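File shown: work_2.tsv. Contents: TSV, C-alpha atoms.
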chain	number	residue	atom	x	y	z
A	245	MET	CA	194.12	142.46	124.02
A	246	SER	CA	195.61	144.11	120.98
A	247	ASN	CA	193.41	145.66	118.33
A	248	SER	CA	195.79	144.66	115.53
A	249	SER	CA	194.39	142.33	112.91
A	250	PRO	CA	194.66	138.72	114.08
A	251	THR	CA	196.34	135.96	112.17
A	252	LEU	CA	194.09	133.27	110.78
A	253	ASP	CA	195.28	130.80	113.43
A	254	ASP	CA	194.65	133.32	116.21
A	255	ALA	CA	191.16	134.06	114.91
A	256	LEU	CA	190.41	130.34	114.63
A	257	LEU	CA	191.55	129.71	118.20
A	258	ALA	CA	189.48	132.63	119.48
A	259	VAL	CA	186.34	131.24	117.83
A	260	LEU	CA	187.13	127.78	119.19
A	261	ILE	CA	187.40	129.11	122.75
A	262	GLN	CA	184.25	131.19	122.42
A	263	ARG	CA	182.23	128.24	121.13
A	264	ALA	CA	183.60	125.93	123.85
A	265	ALA	CA	182.67	128.49	126.52
A	266	HIS	CA	179.17	129.08	125.17
A	267	ASP	CA	177.41	126.31	127.12
A	268	LEU	CA	179.57	126.35	130.27
A	269	PRO	CA	178.56	127.99	133.55
A	270	PHE	CA	180.58	131.13	134.23
A	271	ASN	CA	178.23	132.31	136.98
A	272	ASN	CA	180.99	131.95	139.55
A	273	ARG	CA	183.69	134.20	140.96
A	274	ALA	CA	187.02	134.40	139.13
A	275	GLY	CA	189.61	132.43	141.09
A	276	SER	CA	187.02	130.26	142.83
A	277	GLU	CA	187.04	126.46	142.81
A	278	ALA	CA	183.84	126.51	140.76
A	279	ARG	CA	185.54	128.69	138.12
A	280	ALA	CA	188.54	126.33	138.10
A	281	ARG	CA	186.19	123.40	137.39
A	282	THR	CA	184.56	125.36	134.57
A	283	LEU	CA	187.96	126.22	133.10
A	284	SER	CA	188.97	122.55	133.27
A	285	LEU	CA	185.90	121.67	131.22
A	286	LEU	CA	186.70	124.46	128.79
A	287	LEU	CA	190.28	123.23	128.34
A	288	ALA	CA	189.14	119.64	127.86
A	289	THR	CA	186.71	120.75	125.16
A	290	VAL	CA	189.29	122.93	123.47
A	291	SER	CA	191.97	120.21	123.56
A	292	GLY	CA	189.67	117.80	121.74
A	293	SER	CA	188.92	120.36	119.07
A	294	LEU	CA	192.56	121.33	118.61
A	295	GLY	CA	193.45	117.84	117.42
A	296	VAL	CA	190.66	117.89	114.86
A	297	LEU	CA	191.89	121.26	113.56
A	298	GLU	CA	195.43	119.90	113.14
A	299	PHE	CA	196.91	121.73	116.16
A	300	SER	CA	198.14	118.34	117.33
A	301	GLN	CA	201.07	119.57	119.44
A	302	SER	CA	198.89	122.03	121.33
A	303	ALA	CA	196.21	119.38	121.83
A	304	HIS	CA	198.80	116.93	123.17
A	305	ALA	CA	200.22	119.53	125.57
A	306	LEU	CA	196.74	120.28	126.98
A	307	GLU	CA	196.00	116.57	127.30
A	308	ILE	CA	199.16	116.11	129.36
A	309	VAL	CA	198.18	118.96	131.68
A	310	LEU	CA	194.55	117.87	132.02
A	311	PHE	CA	194.77	114.09	132.02
A	312	GLY	CA	198.38	113.22	132.86
A	313	PRO	CA	199.50	111.58	136.09
A	314	PRO	CA	200.20	113.65	139.20
A	315	SER	CA	203.57	115.39	139.15
A	316	ILE	CA	205.60	117.67	141.38
A	317	GLY	CA	206.04	120.86	139.44
A	318	SER	CA	205.51	121.06	135.71
A	319	PRO	CA	204.30	117.90	133.96
A	320	PHE	CA	206.73	118.86	131.17
A	321	ALA	CA	209.83	118.99	133.37
A	322	ALA	CA	212.62	116.65	132.30
A	323	SER	CA	212.74	113.58	134.49
Go ahead and render the structure in this file as structure tokens.
Amino acid sequence: MSNSSPTLDDALLAVLIQRAAHDLPFNNRAGSEARARTLSLLLATVSGSLGVLEFSQSAHALEIVLFGPPSIGSPFAAS
């Protein structure tokens, strides 16, 4: 990570991620299925908060990834 001063949006997103991660279990190995489940919970929490903070496009993109139907390849690929 860079030590340059963050933008307000960047700082806000960092705090949002830190707060969302606070009560989640990270007592698992990076890359493990348990960590993937924890990260899914983190993303779901963050996506809900993004909409409230008026990052609606980012929230919608995360919702598609997390809750959209199964797809081959990217869920954003043109059909």
* A:Ala303, A:Arg273, A:Phe320, A:Ser315: which is nearest A:Ala288, counting all atoms listed in the file? ->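 Closest residue, counting all atoms listed in the file: A:Ala303.
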* To do: Find, counting all atoms listed in the file, the residue in A:Ala278, A:Leu283, A:Ile261, A:Leu256 that gets nearest to A:Glu298.
  => A:Leu256
* To do: Identify, on the basis of only C-alpha atoms, every residue whose closest approach to A:His266 does not exceed 12 Å; exclude the query and any residue fewer than 2 positions from it along the same chain; express the result as JSON, numbers by chain.
  => {"A": [259, 260, 261, 262, 263, 264, 268, 269, 270, 282, 285, 286, 289, 290]}
* To do: Could you tell me how far atom CA of A:Glu307 lies from atom CA of A:Asp254, in Å and to one decimal?
  =>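 Between atom CA of A:Glu307 and atom CA of A:Asp254 the gap is 20.1 Å.
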Edge lengths and centre, in Å to one decimal, as lines of an AutoDock Vina configuration file: that's what I need for the box along x, y and z that holds all listed atoms of stretch 265-281 of chain A plus 6 Å on each side.
center_x = 183.5
center_y = 128.9
center_z = 134.0
size_x = 24.2
size_y = 23.0
size_z = 29.7
Just need stretch 265-313 of chain A in a file, please: C-alpha atoms, as a PDB file, in the first residue's frame.
ATOM      1  CA  ALA A 265     -14.047  -7.261   9.072  1.00  0.00           C
ATOM      2  CA  HIS A 266     -14.047  -6.533  12.804  1.00  0.00           C
ATOM      3  CA  ASP A 267     -16.481  -9.273  13.847  1.00  0.00           C
ATOM      4  CA  LEU A 268     -15.614 -11.871  11.200  1.00  0.00           C
ATOM      5  CA  PRO A 269     -13.426 -14.923  11.813  1.00  0.00           C
ATOM      6  CA  PHE A 270     -10.049 -14.590  10.093  1.00  0.00           C
ATOM      7  CA  ASN A 271      -8.535 -17.474  12.057  1.00  0.00           C
ATOM      8  CA  ASN A 272      -8.117 -19.476   8.863  1.00  0.00           C
ATOM      9  CA  ARG A 273      -5.414 -19.889   6.249  1.00  0.00           C
ATOM     10  CA  ALA A 274      -5.316 -17.444   3.340  1.00  0.00           C
ATOM     11  CA  GLY A 275      -6.617 -19.199   0.232  1.00  0.00           C
ATOM     12  CA  SER A 276      -8.588 -21.788   2.202  1.00  0.00           C
ATOM     13  CA  GLU A 277     -12.297 -22.475   1.725  1.00  0.00           C
ATOM     14  CA  ALA A 278     -12.932 -21.116   5.211  1.00  0.00           C
ATOM     15  CA  ARG A 279     -11.213 -17.828   4.278  1.00  0.00           C
ATOM     16  CA  ALA A 280     -13.268 -17.671   1.063  1.00  0.00           C
ATOM     17  CA  ARG A 281     -16.465 -17.992   3.129  1.00  0.00           C
ATOM     18  CA  THR A 282     -15.280 -15.226   5.451  1.00  0.00           C
ATOM     19  CA  LEU A 283     -14.464 -12.996   2.488  1.00  0.00           C
ATOM     20  CA  SER A 284     -17.915 -13.647   1.032  1.00  0.00           C
ATOM     21  CA  LEU A 285     -19.459 -12.436   4.285  1.00  0.00           C
ATOM     22  CA  LEU A 286     -17.167  -9.416   4.257  1.00  0.00           C
ATOM     23  CA  LEU A 287     -18.168  -8.515   0.694  1.00  0.00           C
ATOM     24  CA  ALA A 288     -21.861  -8.956   1.457  1.00  0.00           C
ATOM     25  CA  THR A 289     -21.537  -6.619   4.437  1.00  0.00           C
ATOM     26  CA  VAL A 290     -19.546  -4.077   2.465  1.00  0.00           C
ATOM     27  CA  SER A 291     -21.956  -4.154  -0.488  1.00  0.00           C
ATOM     28  CA  GLY A 292     -24.872  -3.301   1.786  1.00  0.00           C
ATOM     29  CA  SER A 293     -22.995  -0.394   3.291  1.00  0.00           C
ATOM     30  CA  LEU A 294     -21.841   0.934  -0.077  1.00  0.00           C
ATOM     31  CA  GLY A 295     -25.414   1.598  -1.155  1.00  0.00           C
ATOM     32  CA  VAL A 296     -26.131   3.536   2.021  1.00  0.00           C
ATOM     33  CA  LEU A 297     -23.016   5.654   1.453  1.00  0.00           C
ATOM     34  CA  GLU A 298     -24.128   6.492  -2.101  1.00  0.00           C
ATOM     35  CA  PHE A 299     -21.601   4.219  -3.850  1.00  0.00           C
ATOM     36  CA  SER A 300     -24.556   2.697  -5.666  1.00  0.00           C
ATOM     37  CA  GLN A 301     -22.675   1.466  -8.747  1.00  0.00           C
ATOM     38  CA  SER A 302     -20.074  -0.322  -6.647  1.00  0.00           C
ATOM     39  CA  ALA A 303     -22.777  -1.816  -4.438  1.00  0.00           C
ATOM     40  CA  HIS A 304     -24.667  -3.061  -7.490  1.00  0.00           C
ATOM     41  CA  ALA A 305     -21.518  -4.615  -8.991  1.00  0.00           C
ATOM     42  CA  LEU A 306     -20.786  -6.502  -5.744  1.00  0.00           C
ATOM     43  CA  GLU A 307     -24.395  -7.658  -5.517  1.00  0.00           C
ATOM     44  CA  ILE A 308     -24.160  -9.111  -9.023  1.00  0.00           C
ATOM     45  CA  VAL A 309     -20.978 -11.000  -8.131  1.00  0.00           C
ATOM     46  CA  LEU A 310     -22.279 -12.235  -4.774  1.00  0.00           C
ATOM     47  CA  PHE A 311     -25.942 -12.905  -5.443  1.00  0.00           C
ATOM     48  CA  GLY A 312     -26.313 -13.174  -9.222  1.00  0.00           C
ATOM     49  CA  PRO A 313     -27.156 -16.374 -11.069  1.00  0.00           C
TER      50      PRO A 313
END
